[in-house]
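K.L.:
So that you have it, the file is protein39.pdb, and it contains PDB, C-alpha atoms, pLDDT in the B column:
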ATOM      1  CA  MET A 902      26.127 -23.894  -1.211  1.00 47.00           C
ATOM      2  CA  THR A 903      24.158 -20.716  -1.898  1.00 53.00           C
ATOM      3  CA  GLY A 904      20.915 -19.730  -0.236  1.00 57.00           C
ATOM      4  CA  ARG A 905      19.044 -20.744  -3.390  1.00 63.00           C
ATOM      5  CA  ASN A 906      20.132 -24.363  -3.021  1.00 68.00           C
ATOM      6  CA  ILE A 907      18.845 -24.696   0.533  1.00 80.00           C
ATOM      7  CA  PRO A 908      15.254 -26.010   0.757  1.00 85.00           C
ATOM      8  CA  ASN A 909      12.629 -23.620   2.156  1.00 81.00           C
ATOM      9  CA  SER A 910      11.973 -25.941   5.073  1.00 82.00           C
ATOM     10  CA  ILE A 911      15.624 -25.827   6.180  1.00 89.00           C
ATOM     11  CA  LYS A 912      15.721 -22.036   5.859  1.00 89.00           C
ATOM     12  CA  TYR A 913      12.468 -21.810   7.817  1.00 86.00           C
ATOM     13  CA  LEU A 914      13.886 -23.983  10.589  1.00 88.00           C
ATOM     14  CA  PHE A 915      17.044 -21.856  10.786  1.00 92.00           C
ATOM     15  CA  VAL A 916      15.135 -18.575  10.866  1.00 92.00           C
ATOM     16  CA  GLY A 917      12.607 -20.027  13.267  1.00 87.00           C
ATOM     17  CA  GLY A 918      15.278 -21.477  15.518  1.00 89.00           C
ATOM     18  CA  SER A 919      17.252 -18.258  15.695  1.00 95.00           C
ATOM     19  CA  SER A 920      14.161 -16.129  16.252  1.00 92.00           C
ATOM     20  CA  ALA A 921      12.909 -18.611  18.877  1.00 87.00           C
ATOM     21  CA  LEU A 922      16.242 -18.346  20.670  1.00 94.00           C
ATOM     22  CA  LEU A 923      16.055 -14.558  20.520  1.00 95.00           C
ATOM     23  CA  GLU A 924      12.477 -14.644  21.818  1.00 90.00           C
ATOM     24  CA  LEU A 925      13.278 -17.053  24.637  1.00 90.00           C
ATOM     25  CA  ILE A 926      16.350 -15.114  25.776  1.00 95.00           C
ATOM     26  CA  LEU A 927      14.421 -11.828  25.779  1.00 95.00           C
ATOM     27  CA  PHE A 928      11.520 -13.470  27.647  1.00 91.00           C
ATOM     28  CA  ARG A 929      13.860 -14.855  30.337  1.00 92.00           C
ATOM     29  CA  LEU A 930      15.647 -11.514  30.711  1.00 94.00           C
ATOM     30  CA  ILE A 931      12.410  -9.585  31.088  1.00 94.00           C
ATOM     31  CA  VAL A 932      10.887 -12.138  33.473  1.00 92.00           C
ATOM     32  CA  SER A 933      14.038 -12.217  35.596  1.00 94.00           C
ATOM     33  CA  ALA A 934      13.884  -8.432  35.933  1.00 94.00           C
ATOM     34  CA  GLY A 935      10.571  -9.032  37.709  1.00 88.00           C
ATOM     35  CA  THR A 936       9.004  -5.719  36.774  1.00 89.00           C
ATOM     36  CA  VAL A 937       6.209  -6.832  34.407  1.00 91.00           C
ATOM     37  CA  THR A 938       3.624  -9.597  34.140  1.00 91.00           C
ATOM     38  CA  LEU A 939       4.369 -12.821  32.271  1.00 90.00           C
ATOM     39  CA  ALA A 940       1.955 -11.780  29.525  1.00 89.00           C
ATOM     40  CA  LEU A 941       3.675  -8.421  29.023  1.00 93.00           C
ATOM     41  CA  ALA A 942       7.117 -10.055  29.042  1.00 92.00           C
ATOM     42  CA  ASN A 943       5.834 -12.472  26.409  1.00 87.00           C
ATOM     43  CA  VAL A 944       4.434  -9.706  24.201  1.00 89.00           C
ATOM     44  CA  ALA A 945       7.691  -7.715  24.324  1.00 93.00           C
ATOM     45  CA  ALA A 946       9.779 -10.765  23.416  1.00 93.00           C
ATOM     46  CA  VAL A 947       7.376 -11.847  20.673  1.00 86.00           C
ATOM     47  CA  VAL A 948       7.220  -8.402  19.033  1.00 90.00           C
ATOM     48  CA  THR A 949      11.009  -8.192  18.799  1.00 94.00           C
ATOM     49  CA  ALA A 950      11.502 -11.747  17.547  1.00 92.00           C
ATOM     50  CA  THR A 951       8.582 -11.488  15.120  1.00 84.00           C
ATOM     51  CA  THR A 952      10.035  -8.448  13.391  1.00 89.00           C
ATOM     52  CA  TYR A 953      13.305 -10.313  12.865  1.00 92.00           C
ATOM     53  CA  ASN A 954      11.401 -13.442  11.782  1.00 88.00           C
ATOM     54  CA  TYR A 955       9.158 -11.645   9.283  1.00 85.00           C
ATOM     55  CA  VAL A 956      11.973 -10.013   7.365  1.00 86.00           C
ATOM     56  CA  LEU A 957      14.139 -13.145   7.146  1.00 89.00           C
ATOM     57  CA  ASN A 958      11.298 -15.537   6.309  1.00 84.00           C
ATOM     58  CA  LYS A 959       9.822 -13.230   3.698  1.00 83.00           C
ATOM     59  CA  ARG A 960      13.050 -12.398   1.908  1.00 82.00           C
ATOM     60  CA  TRP A 961      15.200 -15.492   2.453  1.00 84.00           C
ATOM     61  CA  SER A 962      13.142 -18.535   3.463  1.00 83.00           C
ATOM     62  CA  PHE A 963      10.251 -18.027   1.073  1.00 80.00           C
ATOM     63  CA  ASN A 964      11.964 -15.657  -1.379  1.00 76.00           C
ATOM     64  CA  SER A 965       9.028 -13.281  -1.457  1.00 75.00           C
ATOM     65  CA  ARG A 966      10.302  -9.976  -2.801  1.00 72.00           C
ATOM     66  CA  LYS A 967       7.034  -8.089  -3.203  1.00 72.00           C
ATOM     67  CA  TRP A 968       5.991  -5.994  -0.236  1.00 72.00           C
ATOM     68  CA  SER A 969       2.251  -6.456  -0.317  1.00 78.00           C
ATOM     69  CA  MET A 970      -0.329  -5.244   2.140  1.00 85.00           C
ATOM     70  CA  ARG A 971      -1.971  -8.677   1.891  1.00 87.00           C
ATOM     71  CA  SER A 972       1.156 -10.469   3.077  1.00 84.00           C
ATOM     72  CA  LEU A 973       1.743  -7.982   5.886  1.00 84.00           C
ATOM     73  CA  PHE A 974      -1.907  -8.098   6.988  1.00 91.00           C
ATOM     74  CA  LEU A 975      -1.941 -11.915   7.082  1.00 92.00           C
ATOM     75  CA  TYR A 976       1.359 -11.990   8.945  1.00 87.00           C
ATOM     76  CA  LEU A 977       0.082  -9.492  11.525  1.00 90.00           C
ATOM     77  CA  LEU A 978      -3.169 -11.411  11.900  1.00 94.00           C
ATOM     78  CA  LEU A 979      -1.245 -14.616  12.564  1.00 93.00           C
ATOM     79  CA  PHE A 980       1.066 -12.672  14.895  1.00 88.00           C
ATOM     80  CA  ALA A 981      -1.935 -11.447  16.909  1.00 91.00           C
ATOM     81  CA  PHE A 982      -3.334 -14.962  17.169  1.00 95.00           C
ATOM     82  CA  ASN A 983       0.025 -16.479  18.149  1.00 92.00           C
ATOM     83  CA  THR A 984       0.712 -13.788  20.744  1.00 87.00           C
ATOM     84  CA  THR A 985      -2.733 -14.166  22.287  1.00 93.00           C
ATOM     85  CA  PHE A 986      -2.468 -17.958  22.304  1.00 95.00           C
ATOM     86  CA  SER A 987       1.001 -17.978  23.859  1.00 91.00           C
ATOM     87  CA  SER A 988       0.214 -15.337  26.486  1.00 90.00           C
ATOM     88  CA  ILE A 989      -2.919 -17.163  27.632  1.00 95.00           C
ATOM     89  CA  PHE A 990      -1.173 -20.551  27.523  1.00 95.00           C
ATOM     90  CA  ILE A 991       1.876 -19.351  29.499  1.00 92.00           C
ATOM     91  CA  THR A 992      -0.217 -17.597  32.126  1.00 93.00           C
ATOM     92  CA  ALA A 993      -2.681 -20.483  32.543  1.00 95.00           C
ATOM     93  CA  THR A 994      -0.086 -23.238  32.714  1.00 95.00           C
ATOM     94  CA  SER A 995       2.120 -21.207  35.064  1.00 92.00           C
ATOM     95  CA  GLU A 996      -0.830 -20.818  37.420  1.00 93.00           C
ATOM     96  CA  ILE A 997      -1.113 -24.611  37.668  1.00 95.00           C
ATOM     97  CA  GLY A 998       2.573 -25.024  38.411  1.00 95.00           C
ATOM     98  CA  LEU A 999       4.402 -25.337  35.082  1.00 95.00           C
ATOM     99  CA  PRO A1000       7.547 -23.183  35.074  1.00 93.00           C
ATOM    100  CA  PRO A1001       7.109 -20.158  32.756  1.00 90.00           C
ATOM    101  CA  THR A1002      10.071 -21.119  30.561  1.00 88.00           C
ATOM    102  CA  CYS A1003       8.665 -24.621  30.013  1.00 93.00           C
ATOM    103  CA  ALA A1004       5.267 -23.160  29.178  1.00 93.00           C
ATOM    104  CA  LYS A1005       6.932 -20.750  26.750  1.00 87.00           C
ATOM    105  CA  LEU A1006       8.801 -23.595  25.012  1.00 90.00           C
ATOM    106  CA  ILE A1007       5.621 -25.662  24.637  1.00 94.00           C
ATOM    107  CA  SER A1008       3.669 -22.743  23.189  1.00 93.00           C
ATOM    108  CA  MET A1009       6.528 -21.924  20.799  1.00 86.00           C
ATOM    109  CA  SER A1010       6.605 -25.545  19.593  1.00 90.00           C
ATOM    110  CA  CYS A1011       2.905 -25.460  18.760  1.00 92.00           C
ATOM    111  CA  ILE A1012       3.277 -22.175  16.891  1.00 91.00           C
ATOM    112  CA  VAL A1013       6.222 -23.422  14.802  1.00 85.00           C
ATOM    113  CA  ILE A1014       4.126 -26.256  13.411  1.00 88.00           C
ATOM    114  CA  TRP A1015       1.157 -24.250  12.197  1.00 92.00           C
ATOM    115  CA  ASN A1016       3.226 -21.235  11.138  1.00 88.00           C
ATOM    116  CA  TYR A1017       5.260 -23.200   8.565  1.00 84.00           C
ATOM    117  CA  TYR A1018       2.132 -24.382   6.801  1.00 89.00           C
ATOM    118  CA  LEU A1019       0.487 -20.953   6.916  1.00 92.00           C
ATOM    119  CA  TYR A1020       3.618 -19.015   5.866  1.00 85.00           C
ATOM    120  CA  ARG A1021       4.270 -21.323   2.950  1.00 83.00           C
ATOM    121  CA  ASN A1022       0.716 -21.684   1.688  1.00 88.00           C
ATOM    122  CA  VAL A1023      -0.992 -18.454   2.682  1.00 89.00           C
ATOM    123  CA  VAL A1024       1.154 -15.569   3.943  1.00 86.00           C
ATOM    124  CA  PHE A1025       4.153 -15.659   1.563  1.00 79.00           C
ATOM    125  CA  LYS A1026       2.465 -17.485  -1.321  1.00 76.00           C
TER     126      LYS A1026
END
Show me the file's structure as structure tokens.
P.N.:
Amino acid sequence: MTGRNIPNSIKYLFVGGSSALLELILFRLIVSAGTVTLALANVAAVVTATTYNYVLNKRWSFNSRKWSMRSLFLYLLLFAFNTTFSSIFITATSEIGLPPTCAKLISMSCIVIWNYYLYRNVVFK
């Protein structure tokens, strides 16, 4: 089976799953080092995983070959929103007793849902 025969949704889930794993591992490593805040650990993990995610989703999942400023701008705008949302969510829920990794997983789950719709219909259209 070639990449062209795999539905976009399956490709998106693979790319998302692998980038989520990368993000979560980096987050845990940075947090366990204990040298930065949860928000900063989150931003560092998100930036790395998002770069990986952007390239694979653009080129493979949604087969978008044109490098447009519009697509990049929309992706970065969504990135800024997602990073802000997740950093605030992780910090706030950790302060009320939810373990940081659980908070991270919940925020990532929310982001996956709205990102698929926005990537498919807006960012990589």
K.L.:
Quick one: pull the distance between CA of Ser920 (chain A) and CA of Arg1021 (chain A), Å, one decimal.
P.N.:
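Computing the Euclidean distance for CA of Ser920 (chain A) and CA of Arg1021 (chain A) yields 17.4 Å.
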K.L.:
So how far away is CA of Ser919 (chain A) from CA of Ala934 (chain A), in Å?
P.N.:
22.7 Å
K.L.:
Closest to Ala921 (chain A) among A:Arg966, A:Ala950, A:Leu978, A:Ile907, using only C-alpha atoms?
P.N.:
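Of all the options, A:Ala950 lies closest to Ala921 (chain A).
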K.L.:
Given the file above and the PyMOL selection byres ((chain A and resi 1006-1019) around 9), which residues are selected, and can you give them as a short mmCIF file (atom, residue, chain, number, x, y, z; two decimals) with C-alpha atoms, in the frame of the given file?
P.N.:
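Written out: out.cif:
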data_model
loop_
_atom_site.label_atom_id
_atom_site.label_comp_id
_atom_site.auth_asym_id
_atom_site.auth_seq_id
_atom_site.Cartn_x
_atom_site.Cartn_y
_atom_site.Cartn_z
CA SER A 910 11.97 -25.94 5.07
CA TYR A 913 12.47 -21.81 7.82
CA LEU A 914 13.89 -23.98 10.59
CA GLY A 917 12.61 -20.03 13.27
CA ALA A 921 12.91 -18.61 18.88
CA LEU A 925 13.28 -17.05 24.64
CA LEU A 979 -1.25 -14.62 12.56
CA ASN A 983 0.02 -16.48 18.15
CA PHE A 986 -2.47 -17.96 22.30
CA SER A 987 1.00 -17.98 23.86
CA SER A 988 0.21 -15.34 26.49
CA PHE A 990 -1.17 -20.55 27.52
CA ILE A 991 1.88 -19.35 29.50
CA PRO A 1001 7.11 -20.16 32.76
CA THR A 1002 10.07 -21.12 30.56
CA CYS A 1003 8.66 -24.62 30.01
CA ALA A 1004 5.27 -23.16 29.18
CA LYS A 1005 6.93 -20.75 26.75
CA TYR A 1020 3.62 -19.02 5.87
CA ARG A 1021 4.27 -21.32 2.95
CA ASN A 1022 0.72 -21.68 1.69
CA VAL A 1023 -0.99 -18.45 2.68
CA VAL A 1024 1.15 -15.57 3.94
CA PHE A 1025 4.15 -15.66 1.56
#
K.L.:
For this structure, which residues satisfy the selection - the PyMOL selection byres ((chain A and resi 937-941) around 12) - when it is evaluated on the file as given? I want them as a PyMOL selection string.
P.N.:
chain A and resi 927-936+942-948+984-996+1000-1002+1004-1005
K.L.:
Would you work out the distance separating CA of Tyr955 (chain A) from CA of Pro908 (chain A), expressed in Å to one decimal?
P.N.:
17.8 Å
